[in-house]
Each structure stands twice: as structure tokens, then as C-alpha cells.
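So this block is final13.pdb, PDB, C-alpha atoms and all ligand atoms:
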```pdb
ATOM      1  CA  MET A   1       0.000   0.000   0.000  1.00  0.00           C
ATOM      2  CA  HIS A   2       2.955   2.300   0.576  1.00  0.00           C
ATOM      3  CA  LYS A   3       4.083   1.748  -3.017  1.00  0.00           C
ATOM      4  CA  ALA A   4       0.544   2.275  -4.361  1.00  0.00           C
ATOM      5  CA  ASN A   5       0.317   5.524  -2.421  1.00  0.00           C
ATOM      6  CA  GLN A   6       3.791   6.699  -3.395  1.00  0.00           C
ATOM      7  CA  ILE A   7       2.754   6.446  -7.037  1.00  0.00           C
ATOM      8  CA  VAL A   8      -0.251   8.622  -6.184  1.00  0.00           C
ATOM      9  CA  ALA A   9       2.113  11.053  -4.430  1.00  0.00           C
ATOM     10  CA  GLY A  10       4.280  11.137  -7.553  1.00  0.00           C
ATOM     11  CA  VAL A  11       1.251  11.976  -9.695  1.00  0.00           C
ATOM     12  CA  LEU A  12       0.173  14.809  -7.386  1.00  0.00           C
ATOM     13  CA  SER A  13       3.710  16.251  -7.266  1.00  0.00           C
ATOM     14  CA  LEU A  14       3.905  16.095 -11.056  1.00  0.00           C
ATOM     15  CA  LEU A  15       0.578  17.919 -11.412  1.00  0.00           C
ATOM     16  CA  GLU A  16       1.628  20.549  -8.851  1.00  0.00           C
ATOM     17  CA  SER A  17       4.774  21.217 -10.851  1.00  0.00           C
ATOM     18  CA  LYS A  18       2.988  21.425 -14.218  1.00  0.00           C
ATOM     19  CA  ILE A  19      -0.307  23.159 -13.492  1.00  0.00           C
ATOM     20  CA  ARG A  20      -0.762  26.649 -14.914  1.00  0.00           C
ATOM     21  CA  ALA A  21      -3.387  28.906 -16.445  1.00  0.00           C
ATOM     22  CA  GLY A  22      -4.285  27.947 -20.011  1.00  0.00           C
ATOM     23  CA  LEU A  23      -4.088  24.167 -19.570  1.00  0.00           C
ATOM     24  CA  THR A  24      -7.207  22.040 -19.862  1.00  0.00           C
ATOM     25  CA  THR A  25      -8.204  19.635 -17.102  1.00  0.00           C
ATOM     26  CA  HIS A  26      -8.045  16.896 -19.763  1.00  0.00           C
ATOM     27  CA  GLN A  27      -4.290  17.508 -20.067  1.00  0.00           C
ATOM     28  CA  LEU A  28      -3.867  16.928 -16.306  1.00  0.00           C
ATOM     29  CA  ASP A  29      -5.746  13.638 -16.620  1.00  0.00           C
ATOM     30  CA  LYS A  30      -3.456  12.495 -19.446  1.00  0.00           C
ATOM     31  CA  TRP A  31      -0.284  13.309 -17.467  1.00  0.00           C
ATOM     32  CA  ALA A  32      -1.667  11.560 -14.374  1.00  0.00           C
ATOM     33  CA  GLU A  33      -2.614   8.368 -16.197  1.00  0.00           C
ATOM     34  CA  GLU A  34       0.689   8.259 -18.086  1.00  0.00           C
ATOM     35  CA  TYR A  35       2.758   8.627 -14.887  1.00  0.00           C
ATOM     36  CA  CYS A  36       0.658   5.969 -13.144  1.00  0.00           C
ATOM     37  CA  ARG A  37       1.011   3.393 -15.907  1.00  0.00           C
ATOM     38  CA  ASP A  38       4.720   4.190 -16.382  1.00  0.00           C
ATOM     39  CA  HIS A  39       5.156   3.236 -12.712  1.00  0.00           C
ATOM     40  CA  GLY A  40       3.378  -0.093 -13.080  1.00  0.00           C
ATOM     41  CA  ALA A  41       0.051   0.849 -11.483  1.00  0.00           C
ATOM     42  CA  GLU A  42      -3.506   1.102 -12.785  1.00  0.00           C
ATOM     43  CA  PRO A  43      -5.581   4.265 -12.368  1.00  0.00           C
ATOM     44  CA  ALA A  44      -8.129   3.176  -9.763  1.00  0.00           C
ATOM     45  CA  PHE A  45     -10.865   5.675 -10.620  1.00  0.00           C
ATOM     46  CA  LYS A  46     -11.039   4.895 -14.345  1.00  0.00           C
ATOM     47  CA  GLY A  47     -14.252   2.969 -14.848  1.00  0.00           C
ATOM     48  CA  TYR A  48     -15.004   2.923 -11.102  1.00  0.00           C
ATOM     49  CA  ARG A  49     -18.824   2.913 -11.054  1.00  0.00           C
ATOM     50  CA  GLY A  50     -18.489   4.236 -14.601  1.00  0.00           C
ATOM     51  CA  PHE A  51     -16.252   7.239 -13.873  1.00  0.00           C
ATOM     52  CA  PRO A  52     -14.937   8.202 -17.332  1.00  0.00           C
ATOM     53  CA  ALA A  53     -11.375   9.355 -16.499  1.00  0.00           C
ATOM     54  CA  SER A  54      -8.329   8.594 -14.351  1.00  0.00           C
ATOM     55  CA  LEU A  55      -8.161  11.838 -12.364  1.00  0.00           C
ATOM     56  CA  CYS A  56     -10.873  13.725 -10.488  1.00  0.00           C
ATOM     57  CA  VAL A  57     -10.353  17.444 -11.160  1.00  0.00           C
ATOM     58  CA  SER A  58     -12.589  19.861  -9.270  1.00  0.00           C
ATOM     59  CA  VAL A  59     -12.205  23.582  -9.957  1.00  0.00           C
ATOM     60  CA  ASN A  60     -13.320  26.382  -7.585  1.00  0.00           C
ATOM     61  CA  GLU A  61     -16.935  25.661  -6.458  1.00  0.00           C
ATOM     62  CA  GLN A  62     -16.561  22.024  -7.503  1.00  0.00           C
ATOM     63  CA  VAL A  63     -16.032  20.009  -4.327  1.00  0.00           C
ATOM     64  CA  VAL A  64     -15.046  16.528  -5.571  1.00  0.00           C
ATOM     65  CA  HIS A  65     -15.495  14.115  -8.511  1.00  0.00           C
ATOM     66  CA  GLY A  66     -15.081  16.705 -11.272  1.00  0.00           C
ATOM     67  CA  ILE A  67     -14.636  15.093 -14.707  1.00  0.00           C
ATOM     68  CA  PRO A  68     -11.598  16.186 -16.752  1.00  0.00           C
ATOM     69  CA  SER A  69     -12.582  17.867 -20.018  1.00  0.00           C
ATOM     70  CA  LYS A  70     -10.996  19.357 -23.135  1.00  0.00           C
ATOM     71  CA  ARG A  71     -13.513  22.180 -22.696  1.00  0.00           C
ATOM     72  CA  THR A  72     -12.430  23.134 -19.174  1.00  0.00           C
ATOM     73  CA  THR A  73      -9.506  25.560 -19.181  1.00  0.00           C
ATOM     74  CA  ILE A  74      -7.710  26.531 -15.991  1.00  0.00           C
ATOM     75  CA  HIS A  75      -7.563  30.266 -15.313  1.00  0.00           C
ATOM     76  CA  ASP A  76      -5.421  32.532 -13.159  1.00  0.00           C
ATOM     77  CA  GLY A  77      -7.002  32.719  -9.686  1.00  0.00           C
ATOM     78  CA  ASP A  78      -8.560  29.253  -9.816  1.00  0.00           C
ATOM     79  CA  ILE A  79      -8.137  26.614  -7.158  1.00  0.00           C
ATOM     80  CA  VAL A  80      -7.878  23.129  -8.623  1.00  0.00           C
ATOM     81  CA  SER A  81      -8.451  19.997  -6.527  1.00  0.00           C
ATOM     82  CA  VAL A  82      -6.779  16.930  -7.987  1.00  0.00           C
ATOM     83  CA  ASP A  83      -7.681  13.546  -6.518  1.00  0.00           C
ATOM     84  CA  PHE A  84      -5.959  10.407  -7.753  1.00  0.00           C
ATOM     85  CA  GLY A  85      -6.143   6.695  -6.967  1.00  0.00           C
ATOM     86  CA  THR A  86      -3.981   3.743  -7.976  1.00  0.00           C
ATOM     87  CA  LYS A  87      -4.176  -0.029  -7.841  1.00  0.00           C
ATOM     88  CA  TYR A  88      -0.758  -1.653  -7.454  1.00  0.00           C
ATOM     89  CA  GLN A  89      -0.292  -5.399  -6.963  1.00  0.00           C
ATOM     90  CA  GLY A  90      -3.824  -5.723  -5.636  1.00  0.00           C
ATOM     91  CA  PHE A  91      -3.732  -2.782  -3.223  1.00  0.00           C
ATOM     92  CA  TYR A  92      -5.038   0.753  -3.480  1.00  0.00           C
ATOM     93  CA  GLY A  93      -3.654   4.232  -2.946  1.00  0.00           C
ATOM     94  CA  ASP A  94      -5.717   7.443  -2.696  1.00  0.00           C
ATOM     95  CA  SER A  95      -4.686  11.049  -2.069  1.00  0.00           C
ATOM     96  CA  ALA A  96      -5.727  14.561  -3.079  1.00  0.00           C
ATOM     97  CA  VAL A  97      -4.484  18.131  -2.971  1.00  0.00           C
ATOM     98  CA  THR A  98      -5.956  21.518  -3.876  1.00  0.00           C
ATOM     99  CA  ILE A  99      -3.578  23.707  -5.863  1.00  0.00           C
ATOM    100  CA  PRO A 100      -3.891  27.505  -6.209  1.00  0.00           C
ATOM    101  CA  VAL A 101      -3.131  28.796  -9.730  1.00  0.00           C
ATOM    102  CA  GLY A 102      -1.655  32.276 -10.068  1.00  0.00           C
ATOM    103  CA  THR A 103      -3.080  35.000  -7.854  1.00  0.00           C
ATOM    104  CA  VAL A 104      -5.703  33.676  -5.450  1.00  0.00           C
ATOM    105  CA  SER A 105      -7.640  35.854  -2.991  1.00  0.00           C
ATOM    106  CA  ARG A 106      -6.532  35.927   0.648  1.00  0.00           C
ATOM    107  CA  ARG A 107      -9.680  34.281   1.992  1.00  0.00           C
ATOM    108  CA  VAL A 108      -9.392  31.444  -0.514  1.00  0.00           C
ATOM    109  CA  ARG A 109      -5.718  30.942   0.349  1.00  0.00           C
ATOM    110  CA  GLN A 110      -6.838  30.714   3.962  1.00  0.00           C
ATOM    111  CA  LEU A 111      -9.436  28.104   2.975  1.00  0.00           C
ATOM    112  CA  LEU A 112      -6.679  25.940   1.501  1.00  0.00           C
ATOM    113  CA  LEU A 113      -4.408  26.429   4.495  1.00  0.00           C
ATOM    114  CA  VAL A 114      -7.125  25.582   7.024  1.00  0.00           C
ATOM    115  CA  THR A 115      -8.182  22.469   5.101  1.00  0.00           C
ATOM    116  CA  GLU A 116      -4.597  21.222   4.954  1.00  0.00           C
ATOM    117  CA  GLU A 117      -4.131  22.005   8.663  1.00  0.00           C
ATOM    118  CA  ALA A 118      -7.355  20.143   9.462  1.00  0.00           C
ATOM    119  CA  LEU A 119      -5.984  17.089   7.650  1.00  0.00           C
ATOM    120  CA  ALA A 120      -2.705  17.338   9.595  1.00  0.00           C
ATOM    121  CA  ARG A 121      -4.595  17.544  12.907  1.00  0.00           C
ATOM    122  CA  ALA A 122      -6.743  14.589  11.912  1.00  0.00           C
ATOM    123  CA  ILE A 123      -3.653  12.532  11.078  1.00  0.00           C
ATOM    124  CA  GLU A 124      -2.339  13.158  14.618  1.00  0.00           C
ATOM    125  CA  GLN A 125      -5.412  11.267  15.884  1.00  0.00           C
ATOM    126  CA  VAL A 126      -4.534   8.099  13.947  1.00  0.00           C
ATOM    127  CA  LYS A 127      -3.476   6.054  16.965  1.00  0.00           C
ATOM    128  CA  ILE A 128      -4.283   2.567  18.194  1.00  0.00           C
ATOM    129  CA  GLY A 129      -7.260   2.789  20.554  1.00  0.00           C
ATOM    130  CA  ASN A 130      -8.562   6.129  19.291  1.00  0.00           C
ATOM    131  CA  ARG A 131     -11.915   6.199  17.538  1.00  0.00           C
ATOM    132  CA  VAL A 132     -12.900   7.426  14.103  1.00  0.00           C
ATOM    133  CA  ALA A 133     -14.762  10.224  15.903  1.00  0.00           C
ATOM    134  CA  ASP A 134     -11.405  11.576  17.154  1.00  0.00           C
ATOM    135  CA  ILE A 135     -10.393  12.097  13.509  1.00  0.00           C
ATOM    136  CA  SER A 136     -13.765  13.642  12.677  1.00  0.00           C
ATOM    137  CA  ARG A 137     -13.623  15.987  15.666  1.00  0.00           C
ATOM    138  CA  ALA A 138     -10.117  17.208  14.812  1.00  0.00           C
ATOM    139  CA  VAL A 139     -11.259  18.223  11.328  1.00  0.00           C
ATOM    140  CA  GLN A 140     -14.579  19.757  12.327  1.00  0.00           C
ATOM    141  CA  GLU A 141     -13.249  21.826  15.239  1.00  0.00           C
ATOM    142  CA  HIS A 142     -10.396  23.366  13.289  1.00  0.00           C
ATOM    143  CA  VAL A 143     -12.523  24.160  10.239  1.00  0.00           C
ATOM    144  CA  GLU A 144     -15.429  25.669  12.157  1.00  0.00           C
ATOM    145  CA  GLU A 145     -13.139  27.725  14.424  1.00  0.00           C
ATOM    146  CA  GLN A 146     -11.890  29.417  11.243  1.00  0.00           C
ATOM    147  CA  GLY A 147     -15.403  30.144   9.993  1.00  0.00           C
ATOM    148  CA  PHE A 148     -15.524  27.576   7.210  1.00  0.00           C
ATOM    149  CA  SER A 149     -17.859  24.569   6.872  1.00  0.00           C
ATOM    150  CA  VAL A 150     -17.322  20.825   6.439  1.00  0.00           C
ATOM    151  CA  VAL A 151     -19.194  18.856   3.812  1.00  0.00           C
ATOM    152  CA  ARG A 152     -21.474  16.186   5.382  1.00  0.00           C
ATOM    153  CA  GLN A 153     -22.664  14.386   2.287  1.00  0.00           C
ATOM    154  CA  PHE A 154     -19.282  12.863   1.367  1.00  0.00           C
ATOM    155  CA  VAL A 155     -16.797  11.218   3.717  1.00  0.00           C
ATOM    156  CA  GLY A 156     -13.414   9.516   3.919  1.00  0.00           C
ATOM    157  CA  HIS A 157     -13.071   5.749   4.089  1.00  0.00           C
ATOM    158  CA  GLY A 158     -11.026   2.711   4.896  1.00  0.00           C
ATOM    159  CA  ILE A 159      -8.827   1.533   2.023  1.00  0.00           C
ATOM    160  CA  GLY A 160      -6.912  -1.680   1.280  1.00  0.00           C
ATOM    161  CA  SER A 161      -7.640  -4.363  -1.293  1.00  0.00           C
ATOM    162  CA  ASN A 162     -10.683  -2.241  -2.177  1.00  0.00           C
ATOM    163  CA  LEU A 163     -10.713   1.471  -2.968  1.00  0.00           C
ATOM    164  CA  HIS A 164     -13.494   2.085  -0.453  1.00  0.00           C
ATOM    165  CA  GLU A 165     -13.787  -0.090   2.648  1.00  0.00           C
ATOM    166  CA  PRO A 166     -15.342   0.359   6.075  1.00  0.00           C
ATOM    167  CA  PRO A 167     -15.182   2.357   8.220  1.00  0.00           C
ATOM    168  CA  GLU A 168     -16.522   5.644   6.880  1.00  0.00           C
ATOM    169  CA  ILE A 169     -14.402   8.591   8.047  1.00  0.00           C
ATOM    170  CA  PRO A 170     -16.745  11.593   8.324  1.00  0.00           C
ATOM    171  CA  ASN A 171     -15.345  15.102   8.661  1.00  0.00           C
ATOM    172  CA  TYR A 172     -17.858  15.899  11.407  1.00  0.00           C
ATOM    173  CA  VAL A 173     -18.789  14.158  14.625  1.00  0.00           C
ATOM    174  CA  GLN A 174     -21.804  11.900  14.289  1.00  0.00           C
ATOM    175  CA  LYS A 175     -24.071  11.185  17.239  1.00  0.00           C
ATOM    176  CA  LYS A 176     -23.550   7.445  17.168  1.00  0.00           C
ATOM    177  CA  ALA A 177     -21.034   4.805  18.204  1.00  0.00           C
ATOM    178  CA  SER A 178     -17.727   5.223  16.423  1.00  0.00           C
ATOM    179  CA  PRO A 179     -15.337   2.374  15.519  1.00  0.00           C
ATOM    180  CA  ARG A 180     -11.956   2.046  17.180  1.00  0.00           C
ATOM    181  CA  LEU A 181      -8.763   2.277  15.163  1.00  0.00           C
ATOM    182  CA  VAL A 182      -6.763  -0.935  15.279  1.00  0.00           C
ATOM    183  CA  GLU A 183      -3.197  -1.684  14.208  1.00  0.00           C
ATOM    184  CA  GLY A 184      -2.892  -2.341  10.489  1.00  0.00           C
ATOM    185  CA  MET A 185      -5.967  -0.381   9.410  1.00  0.00           C
ATOM    186  CA  VAL A 186      -5.494   2.179   6.658  1.00  0.00           C
ATOM    187  CA  VAL A 187      -7.830   5.161   6.460  1.00  0.00           C
ATOM    188  CA  ALA A 188      -8.231   7.717   3.685  1.00  0.00           C
ATOM    189  CA  ILE A 189      -8.885  10.963   5.548  1.00  0.00           C
ATOM    190  CA  GLU A 190     -10.234  13.630   3.224  1.00  0.00           C
ATOM    191  CA  PRO A 191     -11.613  16.906   4.561  1.00  0.00           C
ATOM    192  CA  MET A 192     -13.829  18.704   2.030  1.00  0.00           C
ATOM    193  CA  VAL A 193     -14.164  22.261   3.279  1.00  0.00           C
ATOM    194  CA  ASN A 194     -16.413  24.994   1.920  1.00  0.00           C
ATOM    195  CA  LEU A 195     -15.964  28.736   2.150  1.00  0.00           C
ATOM    196  CA  GLY A 196     -19.730  29.227   2.511  1.00  0.00           C
ATOM    197  CA  THR A 197     -22.544  26.758   3.104  1.00  0.00           C
ATOM    198  CA  GLU A 198     -21.802  23.103   3.837  1.00  0.00           C
ATOM    199  CA  LYS A 199     -24.573  22.168   1.399  1.00  0.00           C
ATOM    200  CA  VAL A 200     -23.631  20.585  -1.909  1.00  0.00           C
ATOM    201  CA  ARG A 201     -25.403  19.224  -4.986  1.00  0.00           C
ATOM    202  CA  VAL A 202     -24.479  16.917  -7.861  1.00  0.00           C
ATOM    203  CA  LEU A 203     -24.478  18.238 -11.442  1.00  0.00           C
ATOM    204  CA  ARG A 204     -26.402  16.574 -14.283  1.00  0.00           C
ATOM    205  CA  ASP A 205     -23.261  14.682 -15.331  1.00  0.00           C
ATOM    206  CA  LYS A 206     -24.077  12.593 -12.197  1.00  0.00           C
ATOM    207  CA  TRP A 207     -20.512  13.026 -10.847  1.00  0.00           C
ATOM    208  CA  THR A 208     -19.445  16.597 -10.256  1.00  0.00           C
ATOM    209  CA  VAL A 209     -20.262  17.739  -6.726  1.00  0.00           C
ATOM    210  CA  VAL A 210     -20.573  21.539  -6.359  1.00  0.00           C
ATOM    211  CA  THR A 211     -21.303  23.853  -3.447  1.00  0.00           C
ATOM    212  CA  ALA A 212     -24.952  24.907  -3.255  1.00  0.00           C
ATOM    213  CA  ASP A 213     -23.976  28.594  -3.029  1.00  0.00           C
ATOM    214  CA  GLY A 214     -21.288  28.528  -5.741  1.00  0.00           C
ATOM    215  CA  LYS A 215     -18.531  29.514  -3.300  1.00  0.00           C
ATOM    216  CA  PRO A 216     -15.129  27.763  -3.448  1.00  0.00           C
ATOM    217  CA  SER A 217     -14.317  24.439  -1.809  1.00  0.00           C
ATOM    218  CA  ALA A 218     -11.019  22.750  -0.905  1.00  0.00           C
ATOM    219  CA  HIS A 219     -10.106  19.062  -0.632  1.00  0.00           C
ATOM    220  CA  PHE A 220      -6.973  17.447   0.808  1.00  0.00           C
ATOM    221  CA  GLU A 221      -6.572  13.699   1.355  1.00  0.00           C
ATOM    222  CA  HIS A 222      -4.009  11.240   2.662  1.00  0.00           C
ATOM    223  CA  SER A 223      -4.066   7.475   3.118  1.00  0.00           C
ATOM    224  CA  VAL A 224      -2.770   6.825   6.638  1.00  0.00           C
ATOM    225  CA  ALA A 225      -1.867   3.526   8.314  1.00  0.00           C
ATOM    226  CA  VAL A 226      -2.470   2.844  12.010  1.00  0.00           C
ATOM    227  CA  THR A 227       0.815   1.514  13.405  1.00  0.00           C
ATOM    228  CA  ALA A 228       2.316   0.853  16.839  1.00  0.00           C
ATOM    229  CA  ASP A 229       4.607   3.818  16.132  1.00  0.00           C
ATOM    230  CA  GLY A 230       1.686   6.141  15.376  1.00  0.00           C
ATOM    231  CA  PRO A 231       0.339   7.445  12.079  1.00  0.00           C
ATOM    232  CA  PHE A 232       2.189   6.427   8.914  1.00  0.00           C
ATOM    233  CA  VAL A 233       1.233   8.727   6.038  1.00  0.00           C
ATOM    234  CA  LEU A 234       1.546   6.319   3.121  1.00  0.00           C
ATOM    235  CA  SER A 235       0.844   9.023   0.524  1.00  0.00           C
ATOM    236  CA  SER A 236       3.326  11.544   1.977  1.00  0.00           C
ATOM    237  CA  ARG A 237       4.856  13.645  -0.801  1.00  0.00           C
ATOM    238  CA  SER A 238       8.180  14.286   0.904  1.00  0.00           C
ATOM    239  CA  LYS A 239       9.896  13.368   4.122  1.00  0.00           C
ATOM    240  CA  GLY A 240       8.315  15.114   7.091  1.00  0.00           C
ATOM    241  CA  ASP A 241       5.778  16.795   4.861  1.00  0.00           C
ATOM    242  CA  ASN A 242       2.204  15.826   4.261  1.00  0.00           C
TER     243      ASN A 242
HETATM  244 MG    MG A 301      -9.339  10.467  -3.268  1.00  0.00          MG
HETATM  245 MG    MG A 302     -10.760   8.831  -0.984  1.00  0.00          MG
END
```
Will you turn the file into C-alpha cells for me?
Amino acid sequence: MHKANQIVAGVLSLLESKIRAGLTTHQLDKWAEEYCRDHGAEPAFKGYRGFPASLCVSVNEQVVHGIPSKRTTIHDGDIVSVDFGTKYQGFYGDSAVTIPVGTVSRRVRQLLLVTEEALARAIEQVKIGNRVADISRAVQEHVEEQGFSVVRQFVGHGIGSNLHEPPEIPNYVQKKASPRLVEGMVVAIEPMVNLGTEKVRVLRDKWTVVTADGKPSAHFEHSVAVTADGPFVLSSRSKGDN
């Protein structure tokens, strides 16, 4: 799973280095799939429940599951969430990052920062004996303290020999019993954070999730293993970094 996730990390680093105004989201998808296959992995999202591409690309008010398109051009001031999954020797990797392009407003930069911080705080809770709710609480508290909102309708997940496995990892605390984290589990923690309302809707393409008020949304994700030594960020993009 580390290898599967390191290929995802390589894809996200490549996209971060290449993204610029004027590119289409289709071009990002091509680069992502090429890197993945060159490294001996399969793109996990391609064909998953009929998803038509390898990369999810969600621009500005798009929250998650945006479909790459030759008709979607990236502009200066956009924020672009790229979410990629691999299957490598029977195991899955999954990670996402939101990238600012050119000059982005201060409040939107803060949205990205807070979402990434919320993910980092959530990762600190990945310890044997903690509960999923400890992860959820870490995300929700940090996001809401900063005046942003967490999406309820979509959640993180366990991951392993399937892309999505139990348990669900919500980004808010649910009023019900929450599973304990046990050694060897891997969880994909993925805060989706909105600048305005937490409410979202799905476009007619049946995939693209957008904010109900059209305000921007950020998405960061890591696949994290529960180990006796604490959290192991399998999809880490560089040593000591997340
Ligand atoms: Mg993902
Ligand atoms: Mg995921």
C-alpha cells in the first residue's frame, strides 16, 4: 500500500509542478494516467462505477469528482483539486491536494491552508485505541473555528484491497457509536471544506459535486496507516511533509 500511495504522491507532485493557467483539465488527466502506468500501477478511478477518467479534477466551487474535459480551461485565480487513486499489486492508494493557480484571494488561500491544517490535525489522531470520531472531531473543530464549513454528504473511508472499505471517516462528529482504530488499518482521511454553506449538490453529469452557493471548496486527502509507532502517512509527498 505504501508503493501504491507513493505512485499517487508522484502523480500529485507532477501535477503541482505542471499546473498553470491555459491548460485544460483533460491535459492533467493524461499526465496523471501516463505517470501511473509508467510506474506499473492502474488508475483506480477509471471505470469505477463508470467514472470516465483517471483523475478527479474539481475547480473552484466544484467540491469533488469533477470530470476532466478538453472544454475546461484553468484560469489565473482558480483553485484546482486533484484527486488520484492507484491499484498496485492488488492494493489501493488514494490522495488529493488543492492547488492555487496564479493569484488567489486571501480568503481562498486561507481556505486551503485551514483544510490542509485540518488534515494534519486529523492525522495526529490516527493512533491505536482512538476512535474514528477523534479524527472527525479534529477536522470539524479546526474548520469551524476558522469560519468555514465541512461537507457532510461525502466522507473519507477505509482503504486496502478495495478502494473504499469500512469504516466511513466523516469530517464531522456523528451522534452514534464510532469504531476504534486498530493496528494495520489504513484510512483515507479527506476533509472537504467549503468557504460558505456546507450544502452541496451533484451536477447533471451525475458526478461533479458543487457547493450549493457557488462559493469555493477545498479538498486534501491522505491514506494513513495505524501503526504501533503512530500514524504512517503512506501518501506523503516528501519526508516530514504531508
Ligand atoms: Mg481520493
Ligand atoms: Mg478517498
| task | Might you pull out every residue within 12 Å of Ser217 in chain A, with only C-alpha atoms counted and same-chain residues fewer than 2 positions away left off, and present them as an MDAnalysis selection string? | result | chainID A and resid 58:64 78:81 97:100 107:115 148:151 191:200 209:215 219:220
Restricted to C-alpha atoms, what would the selected residues look like written as a short mmCIF file (atom, residue, chain, number, x, y, z; two decimals), keeping the file's coordinate frame?
```cif
data_model
loop_
_atom_site.label_atom_id
_atom_site.label_comp_id
_atom_site.auth_asym_id
_atom_site.auth_seq_id
_atom_site.Cartn_x
_atom_site.Cartn_y
_atom_site.Cartn_z
CA SER A 58 -12.59 19.86 -9.27
CA VAL A 59 -12.20 23.58 -9.96
CA ASN A 60 -13.32 26.38 -7.58
CA GLU A 61 -16.93 25.66 -6.46
CA GLN A 62 -16.56 22.02 -7.50
CA VAL A 63 -16.03 20.01 -4.33
CA VAL A 64 -15.05 16.53 -5.57
CA ASP A 78 -8.56 29.25 -9.82
CA ILE A 79 -8.14 26.61 -7.16
CA VAL A 80 -7.88 23.13 -8.62
CA SER A 81 -8.45 20.00 -6.53
CA VAL A 97 -4.48 18.13 -2.97
CA THR A 98 -5.96 21.52 -3.88
CA ILE A 99 -3.58 23.71 -5.86
CA PRO A 100 -3.89 27.50 -6.21
CA ARG A 107 -9.68 34.28 1.99
CA VAL A 108 -9.39 31.44 -0.51
CA ARG A 109 -5.72 30.94 0.35
CA GLN A 110 -6.84 30.71 3.96
CA LEU A 111 -9.44 28.10 2.98
CA LEU A 112 -6.68 25.94 1.50
CA LEU A 113 -4.41 26.43 4.50
CA VAL A 114 -7.12 25.58 7.02
CA THR A 115 -8.18 22.47 5.10
CA PHE A 148 -15.52 27.58 7.21
CA SER A 149 -17.86 24.57 6.87
CA VAL A 150 -17.32 20.82 6.44
CA VAL A 151 -19.19 18.86 3.81
CA PRO A 191 -11.61 16.91 4.56
CA MET A 192 -13.83 18.70 2.03
CA VAL A 193 -14.16 22.26 3.28
CA ASN A 194 -16.41 24.99 1.92
CA LEU A 195 -15.96 28.74 2.15
CA GLY A 196 -19.73 29.23 2.51
CA THR A 197 -22.54 26.76 3.10
CA GLU A 198 -21.80 23.10 3.84
CA LYS A 199 -24.57 22.17 1.40
CA VAL A 200 -23.63 20.58 -1.91
CA VAL A 209 -20.26 17.74 -6.73
CA VAL A 210 -20.57 21.54 -6.36
CA THR A 211 -21.30 23.85 -3.45
CA ALA A 212 -24.95 24.91 -3.26
CA ASP A 213 -23.98 28.59 -3.03
CA GLY A 214 -21.29 28.53 -5.74
CA LYS A 215 -18.53 29.51 -3.30
CA HIS A 219 -10.11 19.06 -0.63
CA PHE A 220 -6.97 17.45 0.81
#
```
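Considering only C-alpha atoms and all ligand atoms, the residues that reside within 9 Å of ligand MG 302 (chain A) can be listed as A:Asp83, A:Phe84, A:Gly85, A:Gly93, A:Asp94, A:Ser95, A:Ala96, A:Val155, A:Gly156, A:His157, A:Gly158, A:Ile159, A:Leu163, A:His164, A:Val187, A:Ala188, A:Ile189, A:Glu190, A:Glu221, A:His222, A:Ser223.
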| Residue members of the PyMOL selection byres (((chain A and resi 231) around 7) and not hetatm) in the file shown, as a list in words | Ile123, Glu124, Val126, Lys127, Val224, Ala225, Val226, Thr227, Asp229, Gly230, Phe232 and Val233 of chain A
Resulting file, chosen residues, C-alpha atoms, as a PDB file, in the coordinates of the input:
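Printed below is part-v4.pdb as written:
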```pdb
ATOM      1  CA  ILE A 123      -3.653  12.532  11.078  1.00  0.00           C
ATOM      2  CA  GLU A 124      -2.339  13.158  14.618  1.00  0.00           C
ATOM      3  CA  VAL A 126      -4.534   8.099  13.947  1.00  0.00           C
ATOM      4  CA  LYS A 127      -3.476   6.054  16.965  1.00  0.00           C
ATOM      5  CA  VAL A 224      -2.770   6.825   6.638  1.00  0.00           C
ATOM      6  CA  ALA A 225      -1.867   3.526   8.314  1.00  0.00           C
ATOM      7  CA  VAL A 226      -2.470   2.844  12.010  1.00  0.00           C
ATOM      8  CA  THR A 227       0.815   1.514  13.405  1.00  0.00           C
ATOM      9  CA  ASP A 229       4.607   3.818  16.132  1.00  0.00           C
ATOM     10  CA  GLY A 230       1.686   6.141  15.376  1.00  0.00           C
ATOM     11  CA  PHE A 232       2.189   6.427   8.914  1.00  0.00           C
ATOM     12  CA  VAL A 233       1.233   8.727   6.038  1.00  0.00           C
TER      13      VAL A 233
END
```
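Our summary of the geometry notes that CA of Trp207 in chain A is positioned 22.6 Å from CA of Tyr172 in chain A.
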| What's the 10 Å shell around Gln125 in chain A, counting all atoms listed in the file, without same-chain residues fewer than 6 positions away, as a ChimeraX atom specification? | /A:131-138,181,226,230-231
To box range 3-11 of chain A, take all atoms listed in the file, fit an axis-aligned box, add 5 Å on each side, and give centre and edge lengths in Å to one decimal, as lines of an AutoDock Vina configuration file.
```
center_x = 2.0
center_y = 6.9
center_z = -6.1
size_x = 14.5
size_y = 20.2
size_z = 17.3
```
| task | Rank nothing, just name the residue among A:Tyr92, A:Ala118, A:Lys30, A:Asn130 nearest to Leu234 in chain A, using all atoms listed in the file. | result | A:Tyr92
| Residue among A:Gly22, A:Gly77, A:Ser235, A:Pro52 lying closest to ligand MG 301 (chain A), counting all atoms listed in the file | A:Ser235
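Taking CA of Pro167 in chain A as the reference point, CA of Glu183 in chain A is found at 14.0 Å.
Taking CA of Arg237 in chain A as the reference point, CA of Ala53 in chain A is found at 23.0 Å.
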| query | For Ile128 in chain A, which residue among A:Arg180, A:Lys3, A:Lys87, A:Lys70 is the nearest when counting only C-alpha atoms? | reply | A:Arg180
| said: Counting all atoms listed in the file, which residue out of A:Val139, A:Val173, A:Val57, A:Ala41 sits closest to ligand MG 301 (chain A)? | reply: A:Val57
| request: Spell out the residues picked by the PyMOL selection byres (((chain A and resi 19-21) around 8) and not hetatm) here, as an MDAnalysis selection string. | output: chainID A and resid 15:18 22:23 28 73:76 101:102
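Take the candidates A:Thr24, A:Thr103, A:Ser13, A:Ser54 and check each one against ligand MG 301 (chain A) using only C-alpha atoms and all ligand atoms; the shortest distance goes to A:Ser54.
Among A:His65, A:Asp38, A:Thr25, A:Ala4, the residue with the shortest atom-to-atom distance to ligand MG 301 (chain A), counting all atoms listed in the file, is A:His65.
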